[in-house]
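Quick notes on the structure that follows.
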Amino acid sequence: MIQELSRTEPRPDGYDPDARVRFRHRRQADTGGPQRVRWADAAKGVCIVLVVGWHVVVKDYLRIDWHVGVPVPGLWGTLGEQLLPLRMPLFFTISGLFAANAVQRPWRAVARGRIAGFLYLYALWLLIHTAVLAVTPDFPTDRATSALGLLAQLTVTPSNLWYLYALALYFTLAKATRRLPRSLVVVPAAVLSAVTAAGLLATPGNRGGLYANLVFFLAGLYLRPHIQRWAATATRRRLALTGGAYALALAVMAAAGAQRWFGVWPAVSVVAVAFGVTAAARLVRWPALGDRLAALGRVTLPIYVIHMPLLALLHRLLAAPVSELDAGAQGLIVLGYPILLTALVAGLSLGVHRALLAARGRWLFALPGTRREAVAG
């Protein structure tokens, strides 16, 4: 306990009367008080980079005619596949962690601020995506090509914007079941994830992600104190152990061909999330990198909704010219191309976001009438 010095007691050398205030401020920030948790924002920053990077690889990079004589493109594809158990499960775990306070608010606040907000953003950007993707018919992504197709994407088969659609449903379920024993909610969600991963349920479009990730959102919501303690006590040893466990789980799953075995994929994703939380908690200890990732994690929404149309347009501009380069020119860019294009797409997305806000386009990123820009998660 910190004792207070009286007005007449001599102050020790270096005494700072404001130190206690700053100490309380640091403690509040580190324990996830009113301020956002830096490691969680950093984790979201990493996740959005991985999302954009995966789309760059599978929707552009692997569609280019590379004739460089080395299997670099295949290596990028393989690397992206190894991150599948990490990317969205970690994203939804962090979203659930940030949702813990919101779910406790009255139904009216949750319905407007979260459920209606996410459904509004999903429907609005679905229409924008549909319009832009109509001029890039060769770009390999889900799109509505008819009124019935658009209706299906608005209702039962979400588009590549499914993360927003999922958050609206997850918030509804979490709010409606908040008084039930948690096991009655988490166990069915875990079974649904396992059934989906095992291919025992029809998952057209992006329904698979919708079904599989509910359990991770609920884990972030219900296990928030435990996850925060796990992050607060992260060590280099734990980072090595969780990273090794994740790599071993991937290797065993691949060697046994167990990707479709019941419960295996969700179990590997749990290991991946444990590694992801640990890695994010360690990353923020390096301010040069951690601060940038945390800042990026606070603006995931504009990157998420804008990057796909931008990537489609860039693919139309770049794919044919890059495919026509000779082997020597392609050899200079084949390794770094996904990194550079990922950075370009993310940077352009943020630039478009700033321009739209400057043009009074805030309604593109938040339900009109809300007090602040919506944040995905």
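In the structure tokens, chains take letters A, B, ... by order of appearance, with residues numbered from 1 within each chain and ligands from 1 in the order shown.
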8 Å contact set for A:Ala168, only C-alpha atoms, chain neighbours under 6 positions out, as a list in words
Arg114, Ile115, Ala116, Gly117, Phe118 and Leu119 of chain A
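Shortest atom-to-atom contact with A:Gly328 among A:Val186, A:Leu90, A:Val70, A:Leu62: A:Val70, counting only C-alpha atoms.
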I'd like the interatomic distance between atom CA of A:Ala43 and atom CA of A:Ala346, to a tenth of an Å.
16.0 Å
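Taking only C-alpha atoms, the non-local environment of A:Pro338 within 10 Å (same-chain residues fewer than 2 positions away omitted) comprises Val52, Gly53, Trp54, His55, Val56, Val57, Asp60, Tyr61, Leu62, Pro73, Trp76, Ile333, Val334, Leu335, Gly336, Leu340, Leu341, Thr342, Ala343 and Leu344 of chain A.
With only C-alpha atoms as the basis for measurement, A:Val345 is the residue among A:Ala256, A:Ala329, A:Val345, A:Ala294 that approaches A:Ile306 most closely.
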Give the answer as one residue: which of A:Thr78, A:Asp142, A:Tyr222, A:Thr157 has the shortest atom-to-atom distance to A:Gly96, using only C-alpha atoms?
A:Tyr222
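From atom CA of A:Gly297 back to atom CA of A:His353, the distance works out to 14.8 Å.
Using only C-alpha atoms for every distance, the candidate list A:Tyr170, A:Tyr122, A:Phe139, A:Trp286 yields A:Tyr122 as the residue closest to A:Leu301.
Comparing A:Arg179, A:His67, A:Arg112, A:Arg282 by their smallest distance to A:Ala240, the closest is A:Arg282 (using only C-alpha atoms).
Of note, atom CA of A:Ala176 and atom CA of A:Ala190 are spaced 18.1 Å apart.
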